[in-house]
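One structure is given here, and the rest of the page talks about it.
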Amino acid sequence: MASINPPLERPASRRLGAAALKAPRLVMSWEDWLTFFAAVITFLAVAVSLQNARWVPGMPSFVPTTLAGLLIGMIAARIRYYAAIIHPVALLLGGIIVVLAVQSYADGLTMGERLADFRVRMEEWYQVVRAGDISNDNLPFVALVHSLLFLATYFAAWCLFRWHNAWLAVVPSGVILLSNISFLEGKPAEAFIIFLFGAIILIARLHLQKSQLQWRKEGVEYPEFISVSAIQLTVAATIGLIVAAWMLPLGNQAKAIEGAFDVIAKPVTDQSDTLVRLFHNIDSRKGAQLHSFGDTLPIQGEVKLGTKQLFEINSPEAGLIRATSYDTYTGAGWKSTGRDIERVDARTLAADEEIQESYGARELSILRVTILDPESTLLTPGTPLGANIDTLVEHPDGFTGDIEEMRSRRGLNEKDTYVAIGSTSRATAEQLLATTGDYPDWVKERYLQLPKNLPASVGAETDRIINDRRLQTPYEKAKAIEEYLRQMPYDLAVPSPPPGRDAAEFLLFELKRGYFDYQSTAMCVMLRTEGIPCRLAVGYALDPETGDETSYVIRKDNAYTWVEVFFPGYGWINFNPTADRPSGGAGGLGSVEFGSGEEPFVPDFSDVFDPIPDGIEIDPNSPQGALAEQPVVNSQFPWPLAIGLAGILAVFVAMAVAGRMAWNWGLGELDGRGRLWAKTQRLAGWAKLGSRPSETPREWSRRMGRSIDRESDAIQLSDAYEESRYGRPDLVRIDDADAESSYNSLRGALAAKLLRRKPRKKT
C-alpha cells in the first residue's frame, strides 16, 4: 500500500526504552525524578521570595501550593490522553488546593467556619467588582496570588514533562520572581540566585534528555549514568558562574541591574486604577505613589510614601498644589462620578467666566511645572482655570462653571513643562462667617452625598461637637470639626479599615490617630451630615523650608489630601484637618495670605485669557504673561506603535512555529527518506491526490506525478523510499540528494495545485 510502512525492527532494549518514555506511568525513572527535584528547587525559590515579601500580614505559605502545582502538572503531563479533558480535571484539583490554602487566612475557629467565611467574603468582593466600588479586604488578593502561583507551577510542569521545553517553564516564573524582587527594599538576590541555579540545571537536563532520545533513534551508544556526570558538571559550572558574577566589581552596573528590575516590573508598578481599587491594602514595600489621581481613592493603611522626585515647580508661595477631587464617599474610600469631559485649547479659560467672576475675594495664581516622572494630570494652585497647553477638562455633569480636574491631551513626559493658572481664596474670617446655607442646586445635588449604611454614630459625634459650642454658621462648624480632628496624632502606620467597617467611624471611635486621607475623609463626612457641601481634594503640600525662594521639588512624600468646603459667593475654601501642617480656612494653608504679605493681584478674566496684541509687552510674571510662555514638549519614542508591530510580528512568528510543528507532527521517528515520503503523501492528500487502498507506492506515485507533470520525480522518490525500507544497507542506488531534489520538485508542484495555480513546466 502507499501508506507509510512500519519502521525497521530495533533491538528489544531500545524498544523497551522508547516505550518507557511514552508510557503513562506515575512511577518515574530516576532520571525523571532528578528533573522533578530540580524543578522543585527552582520554583520553591519563587515561593519563598513571595513569602518573604509579606504582601499582606499572615499570608498563608506558598510552599504547599507550589509543590501541589508541580506534582499535579507532572502527573497530568504523563497521562497520554486528550489535553482538553486532562486540564479541567487538573485545574479543579488546583482550585481545591488553593481554597484549602487560603481558608487559613479567613476568620473562624474550625475549617467549616473558615470555608463559610471565605465564600461570603469572595461573594462580597465579586459584588464590589461589579459595582465598581472599593474593596479593603485582603482575602481576594491572597486567593489571587495562590491561584496564579498554582497556574504558573502547573504550566511549568506541563512544559517540562509533556513538551520537554525548559525555557517555557522557567521564563514566566522568572518574570514573576524579578517583579516581586523589584518591589522589595534592597532588592535581595538570594532567591533569584537559587532560581537561576535550578533553571540552568533544568535547561541542561532537558537538553540532555532530548539528546538521549536522538541517540537511541540513531543507535548511538552512551554511558548508562551519563545524567549523573552531566548534572555534576552543570552544578559545578553554574556555581562557578554565580561566584564569578558575585565577585565582579559592579560599579555603574548596579544601576543598570536595578533599572532592569524596574523595567521588568513596570507593568506591575504602573498599577491601573482598577487594581488599586480592588487590592489597595497590599504592601508594595517600595514607597509606591499613594495617589494615582484615578477614578477612586481608597483609604489605605501602613502607608510608605517614598522620596522619588516627581515635579519641579515654580510657585510664588508654599501651600497646597491641587491635582483632582472626589465627590462620592463609599465607606471604604472615594470615587469621582458624574463628570463631563471637554476639550479646551491652550490659553483658554476652561471654566465658565461668569461663574468664576461671581466669586469674591479670590485671586489668580501662577504655577510653572517641569515633569520629572510621566503624569498626565495637571497641577494647579487652587481651583483650576486654564493652562498654556491643550487639555481635557473634567467638570460636574451639566455644569461648566467648576473644574474638578485638568489633564493633558497627549500625556506629559520627563522634562516637559507647562504653566497652569488657578484661583485661590483671600476671603477673611469675617466674610466667611457672614455666609449662609443658601447653596446652588449643582452644589447640593453633588456634594452632600453619603452612603446609606453610614453609621449613625458619626453624625451623633458631629452634633455633639457643634452643640457643645452652640455653633451656628457653616464656617464655625467647619473650623470646629477641623480643630477636633487636628487633635489626633499624625501616624502613617495605622491600618486600613477592616472589611465592612466605615473609614470615618473607624478613625473617630477606634484609631483616634491617622494621616491626611483618614482625617480629610472624616471631616468631609462629618460636614455633610450637617448639610455643608464639601469634597475631598488631592495633590501635594509644599513645605516652605524645603524650597529655594519660589522653586520647589515635589516628591512622593509631599502627597496630601485636604477638604474643599463651598461657601456661597466665595467658592471653594481649603481646610486641613491633619496636624502635620498648618490649618486651613481664612488666612490658612492654601489661601493667599498664607506665607505672603503682598497685596493680591485680581485681574479681569477676559484680560488674562485674551490674545496679546502685537507690539504689547506683558510682564512675564503676570498671569497673562505666564500663559504666553511656550511649553516644552519632548518627543517620545512611539512605544504603542512599536508594541503593536511587535505584537503583529509575534503573532506571525507564533503562526509560523505552529505551522512548522503541525507540518512535522508524527514524523519524528521516521528516517530522512521516510519523512520525505510522508510529507509528500500529506501534501498530496490536501491536493486531493491521496493514495487508494488498492495502490502500491509505485502505482500511487506514478498517478500522482502524472497529474502534476512530475512523474519522473514521483517515481524516483518512490524508489528511494522503497530502497530505504526494503533494500540492503550496503547497496544504495539513489543518493539522498537526488531524493531531496525530487521531493522539492513535487512539493512545489503540489503547493501550486493547492493554490489553484498551474505548476511550472520542468526544464
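By convention in this document, the chains of the C-alpha cells carry letters A, B, ... by their order, each chain's residues are numbered from 1, and ligands are numbered from 1 in the order they are shown.
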
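Once A:Thr529 and its same-chain neighbours fewer than 3 positions away are set aside, Leu448, Leu450, Gly459, Thr462, Val525, Met526 and Ile532 of chain A remain within 8 Å of it when counting only C-alpha atoms.
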
Next, write the just-selected residues to a file, as a PDB file, in the first residue's frame, keeping N, CA, C and O atoms as the atom set.
```pdb
ATOM      1  N   LEU A 448     -23.268  66.620  48.826  1.00  0.00           N
ATOM      2  CA  LEU A 448     -23.845  66.257  50.122  1.00  0.00           C
ATOM      3  C   LEU A 448     -24.089  64.751  50.222  1.00  0.00           C
ATOM      4  O   LEU A 448     -24.705  64.292  51.189  1.00  0.00           O
ATOM      5  N   LEU A 450     -23.914  60.854  50.927  1.00  0.00           N
ATOM      6  CA  LEU A 450     -23.393  59.973  51.976  1.00  0.00           C
ATOM      7  C   LEU A 450     -23.911  58.565  51.723  1.00  0.00           C
ATOM      8  O   LEU A 450     -25.030  58.397  51.217  1.00  0.00           O
ATOM      9  N   GLY A 459     -22.659  60.943  62.683  1.00  0.00           N
ATOM     10  CA  GLY A 459     -23.476  62.146  62.789  1.00  0.00           C
ATOM     11  C   GLY A 459     -23.694  62.577  64.228  1.00  0.00           C
ATOM     12  O   GLY A 459     -23.709  63.780  64.531  1.00  0.00           O
ATOM     13  N   THR A 462     -20.642  64.381  65.442  1.00  0.00           N
ATOM     14  CA  THR A 462     -20.603  65.715  64.851  1.00  0.00           C
ATOM     15  C   THR A 462     -21.563  66.654  65.576  1.00  0.00           C
ATOM     16  O   THR A 462     -21.209  67.802  65.894  1.00  0.00           O
ATOM     17  N   VAL A 525     -17.035  63.861  55.658  1.00  0.00           N
ATOM     18  CA  VAL A 525     -18.245  63.110  56.012  1.00  0.00           C
ATOM     19  C   VAL A 525     -19.010  63.816  57.131  1.00  0.00           C
ATOM     20  O   VAL A 525     -20.243  63.939  57.088  1.00  0.00           O
ATOM     21  N   MET A 526     -18.298  64.304  58.152  1.00  0.00           N
ATOM     22  CA  MET A 526     -18.956  64.986  59.273  1.00  0.00           C
ATOM     23  C   MET A 526     -19.642  66.269  58.813  1.00  0.00           C
ATOM     24  O   MET A 526     -20.759  66.584  59.248  1.00  0.00           O
ATOM     25  N   ILE A 532     -23.422  70.634  55.015  1.00  0.00           N
ATOM     26  CA  ILE A 532     -22.432  71.576  54.492  1.00  0.00           C
ATOM     27  C   ILE A 532     -21.715  70.915  53.319  1.00  0.00           C
ATOM     28  O   ILE A 532     -21.020  69.906  53.504  1.00  0.00           O
TER      29      ILE A 532
END
```

Next on the checklist: Can you tell me which residues surround stretch 739-744 of chain A at a distance of at most 6 Å, considering only C-alpha atoms, apart from same-chain residues fewer than 2 positions away, and format the answer as a ChimeraX atom specification?
Outcome noted: /A:713,717,736-737,746-747

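Closest approach to A:Gly331 among A:Gly382, A:Pro497, A:Pro474, A:Pro374: A:Pro497, based on only C-alpha atoms.
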
Checklist entry - Got a sec: who's within 10 Å of A:Gly569, counting only C-alpha atoms, leaving out chain neighbours fewer than 3 positions off, as number ranges by chain? => result A: 355-361, 431-432, 435-436, 438-439, 566, 572

Item to check | Sel. of alpha helix (DSSP H) residues, stretch 42-222 of chain A, as a PyMOL selection string | outcome: chain A and resi 42-53+63-78+83-102+111-131+139-158+166-183+190-218

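Excluding A:Asp117 and any residue on its chain fewer than 2 positions from it, the residues at most 9 Å away by only C-alpha atoms are Gln103, Ala106, Asp107, Gly108, Gly112, Glu113, Arg114, Leu115, Arg119, Val120, Arg121 and Met122 of chain A.
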
Residues from the last selection, N, CA, C and O atoms, saved as a compact mmCIF listing (two decimals), in the first residue's frame:
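New file again_13.txt:
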```txt
# COMPACT_ATOMS: atom_id res chain seq x y z
N GLN A 103 -8.08 29.24 52.96
CA GLN A 103 -9.06 29.25 54.05
C GLN A 103 -8.42 29.53 55.41
O GLN A 103 -9.07 30.02 56.32
N ALA A 106 -8.91 33.06 56.35
CA ALA A 106 -10.27 33.51 56.67
C ALA A 106 -10.49 33.46 58.18
O ALA A 106 -9.69 32.95 58.95
N ASP A 107 -11.63 34.01 58.61
CA ASP A 107 -11.98 34.05 60.03
C ASP A 107 -12.79 32.82 60.40
O ASP A 107 -13.63 32.35 59.62
N GLY A 108 -12.57 32.31 61.60
CA GLY A 108 -13.32 31.14 62.08
C GLY A 108 -12.43 30.21 62.87
O GLY A 108 -11.21 30.13 62.65
N GLY A 112 -14.70 24.44 58.74
CA GLY A 112 -16.02 24.72 58.19
C GLY A 112 -16.39 26.19 58.31
O GLY A 112 -16.92 26.79 57.36
N GLU A 113 -16.09 26.79 59.46
CA GLU A 113 -16.38 28.21 59.64
C GLU A 113 -15.53 29.07 58.72
O GLU A 113 -16.00 30.06 58.15
N ARG A 114 -14.26 28.68 58.57
CA ARG A 114 -13.37 29.46 57.70
C ARG A 114 -13.78 29.33 56.23
O ARG A 114 -13.71 30.31 55.47
N LEU A 115 -14.20 28.15 55.81
CA LEU A 115 -14.67 27.98 54.43
C LEU A 115 -15.92 28.80 54.18
O LEU A 115 -16.08 29.40 53.10
N ARG A 119 -16.26 31.90 51.48
CA ARG A 119 -17.30 32.01 50.45
C ARG A 119 -18.01 33.36 50.54
O ARG A 119 -18.21 34.04 49.52
N VAL A 120 -18.37 33.78 51.74
CA VAL A 120 -19.10 35.04 51.90
C VAL A 120 -18.25 36.23 51.45
O VAL A 120 -18.72 37.11 50.73
N ARG A 121 -16.99 36.23 51.84
CA ARG A 121 -16.13 37.38 51.51
C ARG A 121 -15.81 37.43 50.02
O ARG A 121 -15.68 38.52 49.44
N MET A 122 -15.67 36.27 49.38
CA MET A 122 -15.45 36.28 47.93
C MET A 122 -16.70 36.75 47.20
O MET A 122 -16.60 37.45 46.18
```

Next on the checklist: Just want the 12 Å neighbourhood of A:Ser635, counted on only C-alpha atoms, with same-chain residues fewer than 4 positions away dropped. Output as number ranges by chain.
Outcome noted: A: 410-416, 639

Checklist entry - Counting only C-alpha atoms, which of A:His146, A:Arg343, A:Lys210, A:Lys452 gets nearest to A:Ala166? => result A:Lys210

Checklist entry - Using only C-alpha atoms, which residues sit within 10 Å of A:Pro172 once same-chain residues fewer than 2 positions away are excluded, as a list in words? => result Ala152, Thr153, Phe155, Ala156, Trp167, Leu168, Ala169, Val170, Gly174, Val175, Ile176 and Leu177 of chain A

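The neighbours of A:Ile734 here are the residues that come within 12 Å of it, using only C-alpha atoms and leaving out any residue fewer than 6 positions away in the same chain; they are Arg673, Ile715, Gln716, Leu717, Ser718, Asp719, Ala720, Tyr721, Glu722, Glu723, Ser724, Gly727, Glu740, Ser741 and Ser742 of chain A.
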
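Closest approach to A:Arg426 from the set A:Ala586, A:Ile321, A:Val128, A:Leu670 is made by A:Ala586, with distances taken over only C-alpha atoms.
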
Checklist entry - Could you write out, as a PyMOL selection string, all the residues of stretch 409-569 of chain A that DSSP marks as strand (DSSP E)? => result chain A and resi 417-425+534-541+551-555+559-567

Next on the checklist: For a quick check of understanding, using only C-alpha atoms, which of A:Asp340, A:Asp137, A:Glu190, A:Glu375 has the smallest distance to A:Gln289?
Outcome noted: A:Glu375
